[in-house]
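**Q** As input, take data.cif (mmCIF, C-alpha atoms):
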```cif
data_work
loop_
_atom_site.label_atom_id
_atom_site.label_comp_id
_atom_site.auth_asym_id
_atom_site.auth_seq_id
_atom_site.Cartn_x
_atom_site.Cartn_y
_atom_site.Cartn_z
CA MET P 20 109.93 121.16 63.49
CA ASP P 21 112.67 120.38 66.03
CA GLN P 22 112.13 117.97 68.93
CA ALA P 23 110.78 120.59 71.36
CA GLN P 24 108.33 121.99 68.81
CA LEU P 25 107.14 118.51 67.86
CA LEU P 26 106.69 117.59 71.52
CA GLU P 27 104.83 120.81 72.27
CA LYS P 28 102.44 120.23 69.37
CA LEU P 29 101.89 116.60 70.39
CA MET P 30 101.23 117.62 74.02
CA GLU P 31 98.74 120.17 72.77
CA LEU P 32 96.83 117.61 70.67
CA ASP P 33 96.93 114.92 73.37
CA PHE P 34 95.63 117.41 75.90
CA MET P 35 92.74 118.29 73.58
CA ALA P 36 91.96 114.57 73.36
CA VAL P 37 91.99 114.22 77.17
CA ASP P 38 89.70 117.22 77.61
CA LEU P 39 87.30 116.23 74.82
CA GLY P 40 87.22 112.67 76.21
CA LEU P 41 86.09 113.92 79.62
CA TYR P 42 83.49 116.14 77.97
CA LEU P 43 82.15 113.26 75.89
CA ASN P 44 81.77 111.04 78.97
CA THR P 45 78.92 113.30 80.09
CA HIS P 46 77.83 114.43 76.59
CA PRO P 47 78.01 111.13 74.67
CA SER P 48 75.56 112.21 71.93
CA GLU P 49 77.27 115.44 70.90
CA THR P 50 78.29 114.67 67.34
CA GLU P 51 80.32 117.86 66.97
CA ALA P 52 82.52 116.88 69.91
CA ILE P 53 82.87 113.30 68.60
CA ALA P 54 84.03 114.68 65.24
CA ALA P 55 86.50 117.01 66.98
CA TYR P 56 87.82 114.12 69.08
CA ARG P 57 88.35 111.99 65.98
CA SER P 58 90.21 114.69 64.10
CA VAL P 59 92.40 115.45 67.14
CA ILE P 60 93.45 111.84 67.69
CA THR P 61 94.11 111.35 63.96
CA ALA P 62 96.44 114.37 63.96
CA ALA P 63 98.06 113.27 67.25
CA ASP P 64 98.68 109.73 65.96
CA ALA P 65 100.46 111.04 62.87
CA LEU P 66 102.60 113.36 64.97
CA ARG P 67 103.34 110.66 67.55
CA MET P 68 104.58 108.34 64.82
CA LYS P 69 106.82 111.09 63.46
CA TYR P 70 108.18 111.87 66.93
CA GLU P 71 108.84 108.23 67.84
CA GLU P 72 110.65 107.55 64.58
CA ALA P 73 113.00 110.46 65.20
CA TYR P 74 113.43 110.49 68.99
CA GLY P 75 112.52 107.04 70.31
CA PRO P 76 109.44 105.49 71.92
CA LEU P 77 106.98 107.49 74.03
CA CYS P 78 105.35 104.29 75.23
CA SER P 79 106.97 100.95 76.07
CA PHE P 80 103.68 99.12 75.65
CA ARG P 81 102.49 98.19 72.13
CA SER P 82 105.33 100.20 70.61
CA TYR P 83 107.70 98.73 68.11
CA ALA P 84 111.19 98.23 69.49
CA ALA P 85 112.78 99.66 66.38
CA ASP P 86 116.38 98.88 67.33
CA PRO P 87 117.13 95.14 67.65
CA GLN P 88 120.49 95.88 69.32
CA TYR P 89 119.46 98.09 72.22
CA TRP P 90 116.28 98.70 74.23
CA GLN P 91 115.47 102.28 73.24
CA TRP P 92 112.90 102.86 76.00
CA ILE P 93 115.65 103.73 78.52
CA ASN P 94 117.50 105.99 76.11
CA ALA P 95 115.81 109.40 76.10
CA PRO P 96 115.49 111.53 79.28
CA TRP P 97 112.47 110.96 81.53
CA PRO P 98 109.61 113.45 81.55
CA TRP P 99 110.43 114.83 85.00
CA GLN P 100 113.92 115.81 83.92
CA LYS P 101 114.55 119.31 82.62
CA GLY P 102 116.29 117.94 79.54
CA ALA P 103 113.08 116.30 78.34
CA ASN P 104 111.04 119.46 78.63
CA LEU P 105 110.24 122.95 77.49
CA SER P 106 108.79 125.86 79.44
CA LEU P 107 105.48 127.36 78.38
CA ALA P 108 105.99 130.30 80.77
CA GLY P 109 103.89 133.23 79.61
CA LYS P 110 101.93 131.16 77.09
CA GLU P 111 99.57 129.58 79.61
CA CYS P 112 95.96 130.53 80.13
CA GLN P 113 95.89 133.17 82.93
CA MET H 1 95.29 98.68 83.63
CA TRP H 2 97.28 101.75 82.78
CA ILE H 3 99.72 102.60 80.04
CA TYR H 4 102.54 105.02 80.76
CA GLU H 5 103.50 107.66 78.24
CA LYS H 6 106.94 109.19 78.43
CA LYS H 7 105.86 112.83 78.55
CA LEU H 8 104.16 115.16 81.01
CA GLU H 9 100.58 116.33 80.47
CA PHE H 10 101.95 119.90 80.48
CA PRO H 11 105.68 120.63 80.09
CA ILE H 12 107.76 121.78 83.07
CA LYS H 13 111.24 123.22 82.77
CA ILE H 14 112.26 125.24 85.83
CA LYS H 15 115.55 127.07 85.33
CA ASN H 16 116.14 128.39 88.86
CA PRO H 17 116.24 126.26 92.02
CA ASP H 18 114.10 127.68 94.83
CA ALA H 19 113.97 126.00 98.23
CA ARG H 20 111.09 128.13 99.49
CA LEU H 21 108.90 127.16 96.54
CA ALA H 22 109.88 123.47 96.80
CA LYS H 23 108.82 123.54 100.45
CA ILE H 24 105.29 124.77 99.63
CA MET H 25 104.74 122.96 96.30
CA ILE H 26 104.89 119.57 98.06
CA GLU H 27 101.41 120.46 99.39
CA GLN H 28 99.78 119.56 96.06
CA TYR H 29 101.81 116.34 95.83
CA GLY H 30 101.04 114.72 99.17
CA GLY H 31 98.87 117.22 101.07
CA PRO H 32 95.23 116.62 102.06
CA ASP H 33 93.88 118.28 98.89
CA GLY H 34 96.79 117.21 96.69
CA GLU H 35 96.95 115.14 93.55
CA ILE H 36 97.74 111.76 95.15
CA GLY H 37 94.65 112.10 97.31
CA ALA H 38 92.57 113.11 94.29
CA ALA H 39 93.74 110.12 92.23
CA LEU H 40 93.19 107.62 95.07
CA ARG H 41 89.81 109.09 95.96
CA TYR H 42 88.41 108.67 92.45
CA LEU H 43 90.15 105.35 91.82
CA SER H 44 88.55 103.97 94.98
CA GLN H 45 85.11 105.47 94.47
CA LYS H 46 84.65 104.23 90.91
CA PHE H 47 83.86 100.69 92.08
CA SER H 48 80.56 101.73 93.64
CA MET H 49 79.62 104.46 91.13
CA VAL H 50 76.38 104.19 89.11
CA THR H 51 75.69 105.01 85.41
CA PRO H 52 78.25 104.60 82.62
CA GLN H 53 78.66 108.39 82.36
CA ALA H 54 79.59 108.84 86.03
CA GLN H 55 81.75 105.69 86.07
CA ALA H 56 83.71 106.93 83.05
CA THR H 57 84.06 110.35 84.65
CA LEU H 58 85.58 108.92 87.85
CA ASN H 59 87.84 106.52 86.00
CA ASP H 60 89.17 109.06 83.53
CA ILE H 61 89.57 111.98 85.93
CA ALA H 62 91.44 109.59 88.29
CA THR H 63 93.71 108.76 85.37
CA GLU H 64 94.36 112.41 84.61
CA GLU H 65 95.12 113.00 88.32
CA LEU H 66 97.95 110.47 88.05
CA ALA H 67 99.47 112.72 85.40
CA HIS H 68 99.06 115.64 87.83
CA VAL H 69 100.86 113.67 90.57
CA GLU H 70 103.76 113.38 88.16
CA MET H 71 103.62 117.11 87.36
CA MET H 72 103.73 118.16 91.03
CA GLY H 73 106.57 115.72 91.73
CA THR H 74 108.41 117.19 88.75
CA ILE H 75 107.95 120.75 90.07
CA VAL H 76 109.30 119.82 93.53
CA SER H 77 112.19 117.84 92.08
CA GLN H 78 113.29 120.49 89.58
CA LEU H 79 113.06 123.24 92.23
CA THR H 80 115.57 121.40 94.41
CA GLN H 81 118.15 120.77 91.73
CA GLY H 82 121.29 122.85 92.20
CA LEU H 83 120.27 124.18 95.63
CA THR H 84 123.16 125.24 97.86
CA LYS H 85 123.38 124.36 101.54
CA ASP H 86 122.83 128.01 102.47
CA GLN H 87 119.72 128.31 100.30
CA LEU H 88 118.31 125.12 101.79
CA ILE H 89 118.88 126.34 105.35
CA ALA H 90 117.60 129.86 104.63
CA ALA H 91 114.27 128.41 103.42
CA GLY H 92 113.93 126.16 106.47
CA LEU H 93 114.09 122.98 104.42
CA GLU H 94 116.37 121.16 106.90
CA PRO H 95 113.65 119.10 108.65
CA TYR H 96 112.63 117.75 105.24
CA TYR H 97 116.22 117.28 104.12
CA VAL H 98 117.33 115.23 107.13
CA ASN H 99 114.50 112.79 106.54
CA HIS H 100 114.22 112.65 102.72
CA GLY H 101 117.29 114.35 101.28
CA LEU H 102 116.14 115.78 97.95
CA GLY H 103 113.81 112.84 97.32
CA VAL H 104 110.16 113.62 96.64
CA TYR H 105 108.09 112.33 99.56
CA PRO H 106 104.28 112.61 99.70
CA SER H 107 103.60 115.02 102.51
CA ALA H 108 101.86 118.33 103.09
CA ALA H 109 103.86 121.57 103.20
CA SER H 110 103.56 121.31 107.00
CA GLY H 111 105.48 118.01 106.88
CA VAL H 112 102.51 115.79 107.74
CA PRO H 113 102.81 112.63 105.60
CA PHE H 114 100.12 111.80 103.07
CA SER H 115 97.10 110.08 104.59
CA ALA H 116 94.02 108.44 103.10
CA ALA H 117 92.20 109.94 106.10
CA ALA H 118 91.87 113.09 103.98
CA PHE H 119 89.27 111.49 101.70
CA GLN H 120 86.28 109.18 101.67
CA SER H 121 84.89 106.33 99.64
CA LYS H 122 81.39 106.11 101.02
CA GLY H 123 79.73 103.56 98.73
CA ASP H 124 77.01 106.12 98.08
CA PRO H 125 77.23 107.70 94.60
CA ILE H 126 75.59 110.97 95.61
CA THR H 127 77.77 111.41 98.69
CA ASP H 128 80.91 110.57 96.75
CA LEU H 129 80.17 112.96 93.87
CA TYR H 130 79.50 115.82 96.27
CA GLU H 131 82.82 115.06 97.94
CA ASP H 132 84.50 115.04 94.52
CA MET H 133 83.09 118.45 93.60
CA ALA H 134 84.25 119.83 96.96
CA ALA H 135 87.67 118.21 96.44
CA GLU H 136 88.12 119.98 93.11
CA GLN H 137 87.26 123.31 94.72
CA LYS H 138 89.66 122.69 97.62
CA ALA H 139 92.44 121.91 95.16
CA ARG H 140 91.58 125.03 93.14
CA SER H 141 91.86 127.16 96.30
CA THR H 142 95.21 125.57 97.14
CA TYR H 143 96.53 126.27 93.64
CA GLU H 144 95.44 129.89 94.01
CA TYR H 145 97.31 130.19 97.32
CA LEU H 146 100.39 128.63 95.69
CA ILE H 147 100.08 131.04 92.74
CA ASP H 148 99.84 133.96 95.23
CA LEU H 149 103.20 132.92 96.69
CA THR H 150 104.97 132.27 93.37
CA ASP H 151 106.73 134.72 91.06
CA ASP H 152 108.75 132.31 88.89
CA PRO H 153 107.03 132.16 85.46
CA ASP H 154 108.35 128.61 84.89
CA VAL H 155 106.42 127.48 87.99
CA LEU H 156 103.36 129.69 87.41
CA ALA H 157 102.61 128.18 83.98
CA PRO H 158 102.02 124.59 85.19
CA LEU H 159 100.25 125.85 88.35
CA ARG H 160 97.79 127.83 86.24
CA PHE H 161 97.23 124.83 84.01
CA LEU H 162 96.50 122.62 87.04
CA ARG H 163 94.15 125.22 88.51
CA GLU H 164 92.17 125.27 85.25
CA ARG H 165 91.86 121.49 85.34
CA GLU H 166 90.26 121.65 88.80
CA ILE H 167 87.55 123.89 87.34
CA VAL H 168 86.92 121.56 84.39
CA HIS H 169 86.82 118.49 86.65
CA PHE H 170 84.37 120.24 88.99
CA GLN H 171 82.11 120.86 85.99
CA ARG H 172 82.33 117.21 84.82
CA PHE H 173 81.58 115.88 88.33
CA GLY H 174 78.55 118.19 88.47
CA GLU H 175 77.28 116.64 85.23
CA ALA H 176 78.02 113.13 86.55
CA LEU H 177 75.97 114.00 89.65
CA GLU H 178 73.00 114.81 87.41
CA TYR H 179 73.26 111.37 85.77
CA ALA H 180 73.53 109.64 89.14
CA ARG H 181 70.59 111.59 90.53
CA ASP H 182 68.40 110.78 87.53
CA HIS H 183 69.42 107.14 87.80
CA LEU H 184 68.44 107.01 91.45
CA ASN H 185 65.17 108.71 90.51
CA GLN H 186 65.23 111.24 93.29
CA GLN H 187 63.36 114.50 93.39
CA ARG H 188 65.75 115.73 96.01
CA TYR H 189 69.29 114.56 95.85
CA PHE H 190 70.80 115.47 99.18
CA PHE H 191 70.03 111.98 100.50
CA MET H 192 70.07 108.53 98.94
CA ASN H 193 67.07 106.25 98.73
CA ARG H 194 68.16 102.70 99.57
CA LYS H 195 65.60 100.71 97.60
#
```
Would you mind writing the file's structure down as structure tokens?

**A**
Amino acid sequence: MDQAQLLEKLMELDFMAVDLGLYLNTHPSETEAIAAYRSVITAADALRMKYEEAYGPLCSFRSYAADPQYWQWINAPWPWQKGANLSLAGKECQ
Amino acid sequence: MWIYEKKLEFPIKIKNPDARLAKIMIEQYGGPDGEIGAALRYLSQKFSMVTPQAQATLNDIATEELAHVEMMGTIVSQLTQGLTKDQLIAAGLEPYYVNHGLGVYPSAASGVPFSAAAFQSKGDPITDLYEDMAAEQKARSTYEYLIDLTDDPDVLAPLRFLREREIVHFQRFGEALEYARDHLNQQRYFFMNRK
């Protein structure tokens, strides 16, 4: 997977976690949703680690500063910049 | 507290600048039913909310709205990149430009700056949750009007995503309302019993 594919997959998993989290707030006893949430965040964590190792930190808080010579947080483009992104045009839910 | 993650909730990469679209998209950034208003409304109301379910719902939807603020700002910003003077003038963006340049400023499409007067924090859980459900519907309508006026697929994709989120949030607030109503032990829940 290249950077864009990895990011797309991670966004997909993180979004599932956000949505399941909101659902569980009002359905806290639904074991099926709890199991789905757990499997989604496990998969997302593994992917996040892979992404951060290759392309730098996604979070400046509680992330390892892997490079002792330079603060990597400022290195990659910011999310609002085109260079950090991909277009899902045509793939969205209509 | 909050932790920032260096990615959008839904990716946005707009290839073509479009002054007309930038001018209307600002509505969901700083307009009365926009994302800043949504985030501040729920962030303010959570302090007087009842039941863990409804408190979590306000807190977490407010948090997601902050990600939507960033998405709308991204849409406006990317739409203005590479605009020519003629394009800017043709779309009538000069009044905005003379005040803000190509900076993203929280205002409605009409130019009215963002105001907290567009929302309430009433200290009454039932009142607030009804407002929140209405707010999600107002934002959904606005996204539909924006979608009506948009033909760029790179802009349509995030707009459709955001519209879907309004529907999900409306549903979650409806469920939170049920918890709050049960908690307040009301047969009828269009008024609040102050006991």

**Q** Please write as a list in words the full residue list that the PyMOL selection byres ((chain P and resi 98) around 6) yields on this file.

**A**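 Selected by the PyMOL selection byres ((chain P and resi 98) around 6) in this file: Trp97, Trp99, Gln100 and Ala103 of chain P; Lys6, Lys7 and Leu8 of chain H.
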
**Q** State, in Å with one decimal place, the distance from CA of Ile167 (chain H) to CA of Ala135 (chain H).

**A** 10.7 Å

**Q** Between CA of Asn16 (chain H) and CA of Lys110 (chain P), measure the distance and give it in Å to one decimal.

**A**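 Atom-to-atom, CA of Asn16 (chain H) to CA of Lys110 (chain P), that is 18.7 Å.
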
**Q** Any idea what's packed within 12 Å of Arg81 (chain P), counting only C-alpha atoms, ignoring anything in its chain fewer than 6 positions away? Could you give it as an MDAnalysis selection string?

**A** chainID H and resid 3:5

**Q** Export, as a PDB file, in the frame of the given file, the selected residues with C-alpha atoms.

**A**
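The resulting file, result28.pdb, is shown below:
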```
ATOM      1  CA  ILE H   3      99.720 102.600  80.040  1.00  0.00           C
ATOM      2  CA  TYR H   4     102.540 105.020  80.760  1.00  0.00           C
ATOM      3  CA  GLU H   5     103.500 107.660  78.240  1.00  0.00           C
TER       4      GLU H   5
END
```

**Q** May I ask for the distance between CA of Tyr96 (chain H) and CA of Tyr29 (chain H), given in Å to one decimal place?

**A**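 Taking CA of Tyr96 (chain H) and CA of Tyr29 (chain H), their separation equals 14.4 Å.
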
**Q** Could you make a table, as a Markdown table, of the residues of chain P that have an atom within 9 Å of an atom of chain H, each with its nearest atom pair and distance in Å to one decimal, counting only C-alpha atoms, in chain and number order?

**A**
```
| residue | atom | partner | partner_atom | distance |
| --- | --- | --- | --- | --- |
| P:Leu26 | CA | H:Lys7 | CA | 8.5 |
| P:Glu27 | CA | H:Pro11 | CA | 7.9 |
| P:Met30 | CA | H:Glu9 | CA | 6.6 |
| P:Glu31 | CA | H:Phe10 | CA | 8.4 |
| P:Asp33 | CA | H:Glu9 | CA | 8.1 |
| P:Phe34 | CA | H:Glu9 | CA | 6.8 |
| P:Val37 | CA | H:Glu64 | CA | 8.0 |
| P:Asp38 | CA | H:Val168 | CA | 8.5 |
| P:Gly40 | CA | H:Asp60 | CA | 8.4 |
| P:Leu41 | CA | H:Thr57 | CA | 6.5 |
| P:Tyr42 | CA | H:Arg172 | CA | 7.0 |
| P:Leu43 | CA | H:Gln53 | CA | 8.8 |
| P:Asn44 | CA | H:Gln53 | CA | 5.3 |
| P:Thr45 | CA | H:Gln53 | CA | 5.4 |
| P:His46 | CA | H:Gln53 | CA | 8.4 |
| P:Pro47 | CA | H:Gln53 | CA | 8.2 |
| P:Pro76 | CA | H:Lys6 | CA | 7.9 |
| P:Leu77 | CA | H:Lys6 | CA | 4.7 |
| P:Cys78 | CA | H:Glu5 | CA | 4.9 |
| P:Ser79 | CA | H:Tyr4 | CA | 7.6 |
| P:Phe80 | CA | H:Ile3 | CA | 6.9 |
| P:Pro96 | CA | H:Lys6 | CA | 8.9 |
| P:Trp97 | CA | H:Lys6 | CA | 6.6 |
| P:Pro98 | CA | H:Lys7 | CA | 4.8 |
| P:Trp99 | CA | H:Thr74 | CA | 4.9 |
| P:Gln100 | CA | H:Gln78 | CA | 7.4 |
| P:Lys101 | CA | H:Lys13 | CA | 5.1 |
| P:Gly102 | CA | H:Lys13 | CA | 8.0 |
| P:Ala103 | CA | H:Lys7 | CA | 8.0 |
| P:Asn104 | CA | H:Lys13 | CA | 5.6 |
| P:Leu105 | CA | H:Lys13 | CA | 5.4 |
| P:Ser106 | CA | H:Lys13 | CA | 4.9 |
| P:Leu107 | CA | H:Ala157 | CA | 6.3 |
| P:Ala108 | CA | H:Asp154 | CA | 5.0 |
| P:Gly109 | CA | H:Pro153 | CA | 6.7 |
| P:Lys110 | CA | H:Ala157 | CA | 7.5 |
| P:Glu111 | CA | H:Ala157 | CA | 5.5 |
| P:Cys112 | CA | H:Arg160 | CA | 6.9 |
| P:Gln113 | CA | H:Arg160 | CA | 6.6 |
```

**Q** With the file shown as input, list the residues that the PyMOL selection byres ((chain H and resi 88) around 12) selects, as a PDB file with C-alpha atoms, in the coordinates of the input.

**A**
```pdb
ATOM      1  CA  PRO H  17     116.240 126.260  92.020  1.00  0.00           C
ATOM      2  CA  ASP H  18     114.100 127.680  94.830  1.00  0.00           C
ATOM      3  CA  ALA H  19     113.970 126.000  98.230  1.00  0.00           C
ATOM      4  CA  ARG H  20     111.090 128.130  99.490  1.00  0.00           C
ATOM      5  CA  LEU H  21     108.900 127.160  96.540  1.00  0.00           C
ATOM      6  CA  ALA H  22     109.880 123.470  96.800  1.00  0.00           C
ATOM      7  CA  LYS H  23     108.820 123.540 100.450  1.00  0.00           C
ATOM      8  CA  LEU H  79     113.060 123.240  92.230  1.00  0.00           C
ATOM      9  CA  THR H  80     115.570 121.400  94.410  1.00  0.00           C
ATOM     10  CA  GLN H  81     118.150 120.770  91.730  1.00  0.00           C
ATOM     11  CA  GLY H  82     121.290 122.850  92.200  1.00  0.00           C
ATOM     12  CA  LEU H  83     120.270 124.180  95.630  1.00  0.00           C
ATOM     13  CA  THR H  84     123.160 125.240  97.860  1.00  0.00           C
ATOM     14  CA  LYS H  85     123.380 124.360 101.540  1.00  0.00           C
ATOM     15  CA  ASP H  86     122.830 128.010 102.470  1.00  0.00           C
ATOM     16  CA  GLN H  87     119.720 128.310 100.300  1.00  0.00           C
ATOM     17  CA  ILE H  89     118.880 126.340 105.350  1.00  0.00           C
ATOM     18  CA  ALA H  90     117.600 129.860 104.630  1.00  0.00           C
ATOM     19  CA  ALA H  91     114.270 128.410 103.420  1.00  0.00           C
ATOM     20  CA  GLY H  92     113.930 126.160 106.470  1.00  0.00           C
ATOM     21  CA  LEU H  93     114.090 122.980 104.420  1.00  0.00           C
ATOM     22  CA  GLU H  94     116.370 121.160 106.900  1.00  0.00           C
ATOM     23  CA  PRO H  95     113.650 119.100 108.650  1.00  0.00           C
ATOM     24  CA  TYR H  96     112.630 117.750 105.240  1.00  0.00           C
ATOM     25  CA  TYR H  97     116.220 117.280 104.120  1.00  0.00           C
ATOM     26  CA  VAL H  98     117.330 115.230 107.130  1.00  0.00           C
ATOM     27  CA  GLY H 101     117.290 114.350 101.280  1.00  0.00           C
ATOM     28  CA  LEU H 102     116.140 115.780  97.950  1.00  0.00           C
TER      29      LEU H 102
END
```

**Q** Got a sec: who's within 12 Å of Ala54 (chain P), counting all atoms listed in the file, leaving out chain neighbours fewer than 5 positions off, as a list in words?

**A**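 The neighbour list is Ala36, Leu39, Gly40, Leu43, Pro47, Ser48, Glu49, Val59, Ile60 and Thr61 of chain P.
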
**Q** Take the residues from that selection and write them out as a CSV table (one decimal), keeping the file's coordinate frame, keeping C-alpha atoms.

**A**
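New file selection32.csv:
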```csv
chain,number,residue,atom,x,y,z
P,36,ALA,CA,92.0,114.6,73.4
P,39,LEU,CA,87.3,116.2,74.8
P,40,GLY,CA,87.2,112.7,76.2
P,43,LEU,CA,82.2,113.3,75.9
P,47,PRO,CA,78.0,111.1,74.7
P,48,SER,CA,75.6,112.2,71.9
P,49,GLU,CA,77.3,115.4,70.9
P,59,VAL,CA,92.4,115.4,67.1
P,60,ILE,CA,93.4,111.8,67.7
P,61,THR,CA,94.1,111.4,64.0
```

**Q** Residue by residue, what does the PyMOL selection byres ((chain H and resi 106) around 10) grab here? Present the result as an NGL selection string.

**A** :H and (26-31 or 34-37 or 69 or 73 or 103-105 or 107-109 or 111-115)

**Q** Find the residue from H:Ser44, H:Thr127, H:Thr63, H:Thr142 that sits nearest to Leu177 (chain H); use all atoms listed in the file when measuring.

**A**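 For Leu177 (chain H), the nearest of the given residues is H:Thr127.
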
**Q** Counting all atoms listed in the file, which of H:Gln45, H:His100, H:His183, H:Leu162 gets nearest to Ala67 (chain H)?

**A** H:Leu162

**Q** Let me make sure I understand: among P:Met35, P:Ala63, P:Met68, P:Ala55, which one has the smallest atom-to-atom distance to Ser82 (chain P) if we use only C-alpha atoms?

**A**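 Using only C-alpha atoms, the shortest distance to Ser82 (chain P) belongs to P:Met68.
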
**Q** Using all atoms listed in the file, determine which residues lie at most 12 Å from Lys122 (chain H), disregarding the query and same-chain residues fewer than 5 positions distant; provide the list as JSON, numbers by chain.

**A** {"H": [41, 42, 44, 45, 46, 47, 48, 49, 127, 128, 129, 130, 131, 132, 192]}

**Q** Print the selection's residues with C-alpha atoms to a file, as an mmCIF file, in the frame of the given file.

**A**
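Now in result39.cif:
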```cif
data_model
loop_
_atom_site.group_PDB
_atom_site.id
_atom_site.type_symbol
_atom_site.label_atom_id
_atom_site.label_comp_id
_atom_site.auth_asym_id
_atom_site.auth_seq_id
_atom_site.Cartn_x
_atom_site.Cartn_y
_atom_site.Cartn_z
ATOM 1 C CA ARG H 41 89.810 109.090 95.960
ATOM 2 C CA TYR H 42 88.410 108.670 92.450
ATOM 3 C CA SER H 44 88.550 103.970 94.980
ATOM 4 C CA GLN H 45 85.110 105.470 94.470
ATOM 5 C CA LYS H 46 84.650 104.230 90.910
ATOM 6 C CA PHE H 47 83.860 100.690 92.080
ATOM 7 C CA SER H 48 80.560 101.730 93.640
ATOM 8 C CA MET H 49 79.620 104.460 91.130
ATOM 9 C CA THR H 127 77.770 111.410 98.690
ATOM 10 C CA ASP H 128 80.910 110.570 96.750
ATOM 11 C CA LEU H 129 80.170 112.960 93.870
ATOM 12 C CA TYR H 130 79.500 115.820 96.270
ATOM 13 C CA GLU H 131 82.820 115.060 97.940
ATOM 14 C CA ASP H 132 84.500 115.040 94.520
ATOM 15 C CA MET H 192 70.070 108.530 98.940
#
```

**Q** Generate the missing atoms of region 46-61 of chain P up to N, CA and C atoms and report them as a PDB file, in the coordinates of the input.

**A**
```pdb
ATOM      1  N   HIS P  46      78.606 113.943  77.739  1.00  0.00           N
ATOM      2  CA  HIS P  46      77.830 114.430  76.590  1.00  0.00           C
ATOM      3  C   HIS P  46      78.012 113.450  75.420  1.00  0.00           C
ATOM      4  N   PRO P  47      77.636 112.162  75.634  1.00  0.00           N
ATOM      5  CA  PRO P  47      78.010 111.130  74.670  1.00  0.00           C
ATOM      6  C   PRO P  47      77.311 111.248  73.308  1.00  0.00           C
ATOM      7  N   SER P  48      76.275 112.095  73.197  1.00  0.00           N
ATOM      8  CA  SER P  48      75.560 112.210  71.930  1.00  0.00           C
ATOM      9  C   SER P  48      75.919 113.469  71.150  1.00  0.00           C
ATOM     10  N   GLU P  49      76.923 114.195  71.598  1.00  0.00           N
ATOM     11  CA  GLU P  49      77.270 115.440  70.900  1.00  0.00           C
ATOM     12  C   GLU P  49      78.183 115.137  69.706  1.00  0.00           C
ATOM     13  N   THR P  50      77.563 115.107  68.548  1.00  0.00           N
ATOM     14  CA  THR P  50      78.290 114.670  67.340  1.00  0.00           C
ATOM     15  C   THR P  50      79.437 115.610  66.990  1.00  0.00           C
ATOM     16  N   GLU P  51      79.265 116.890  67.272  1.00  0.00           N
ATOM     17  CA  GLU P  51      80.320 117.860  66.970  1.00  0.00           C
ATOM     18  C   GLU P  51      81.586 117.551  67.782  1.00  0.00           C
ATOM     19  N   ALA P  52      81.380 117.195  69.048  1.00  0.00           N
ATOM     20  CA  ALA P  52      82.520 116.880  69.910  1.00  0.00           C
ATOM     21  C   ALA P  52      83.154 115.542  69.506  1.00  0.00           C
ATOM     22  N   ILE P  53      82.320 114.583  69.064  1.00  0.00           N
ATOM     23  CA  ILE P  53      82.870 113.300  68.600  1.00  0.00           C
ATOM     24  C   ILE P  53      83.741 113.536  67.362  1.00  0.00           C
ATOM     25  N   ALA P  54      83.251 114.370  66.454  1.00  0.00           N
ATOM     26  CA  ALA P  54      84.030 114.680  65.240  1.00  0.00           C
ATOM     27  C   ALA P  54      85.341 115.372  65.603  1.00  0.00           C
ATOM     28  N   ALA P  55      85.273 116.307  66.552  1.00  0.00           N
ATOM     29  CA  ALA P  55      86.500 117.010  66.980  1.00  0.00           C
ATOM     30  C   ALA P  55      87.478 116.033  67.598  1.00  0.00           C
ATOM     31  N   TYR P  56      86.953 115.120  68.431  1.00  0.00           N
ATOM     32  CA  TYR P  56      87.820 114.120  69.080  1.00  0.00           C
ATOM     33  C   TYR P  56      88.527 113.268  68.019  1.00  0.00           C
ATOM     34  N   ARG P  57      87.747 112.839  67.017  1.00  0.00           N
ATOM     35  CA  ARG P  57      88.350 111.990  65.980  1.00  0.00           C
ATOM     36  C   ARG P  57      89.436 112.721  65.215  1.00  0.00           C
ATOM     37  N   SER P  58      89.194 113.974  64.885  1.00  0.00           N
ATOM     38  CA  SER P  58      90.210 114.690  64.100  1.00  0.00           C
ATOM     39  C   SER P  58      91.450 114.977  64.952  1.00  0.00           C
ATOM     40  N   VAL P  59      91.253 115.207  66.250  1.00  0.00           N
ATOM     41  CA  VAL P  59      92.400 115.450  67.140  1.00  0.00           C
ATOM     42  C   VAL P  59      93.254 114.197  67.278  1.00  0.00           C
ATOM     43  N   ILE P  60      92.623 113.040  67.494  1.00  0.00           N
ATOM     44  CA  ILE P  60      93.450 111.840  67.690  1.00  0.00           C
ATOM     45  C   ILE P  60      94.112 111.393  66.383  1.00  0.00           C
ATOM     46  N   THR P  61      93.475 111.672  65.247  1.00  0.00           N
ATOM     47  CA  THR P  61      94.110 111.350  63.960  1.00  0.00           C
ATOM     48  C   THR P  61      95.384 112.187  63.794  1.00  0.00           C
TER      49      THR P  61
END
```
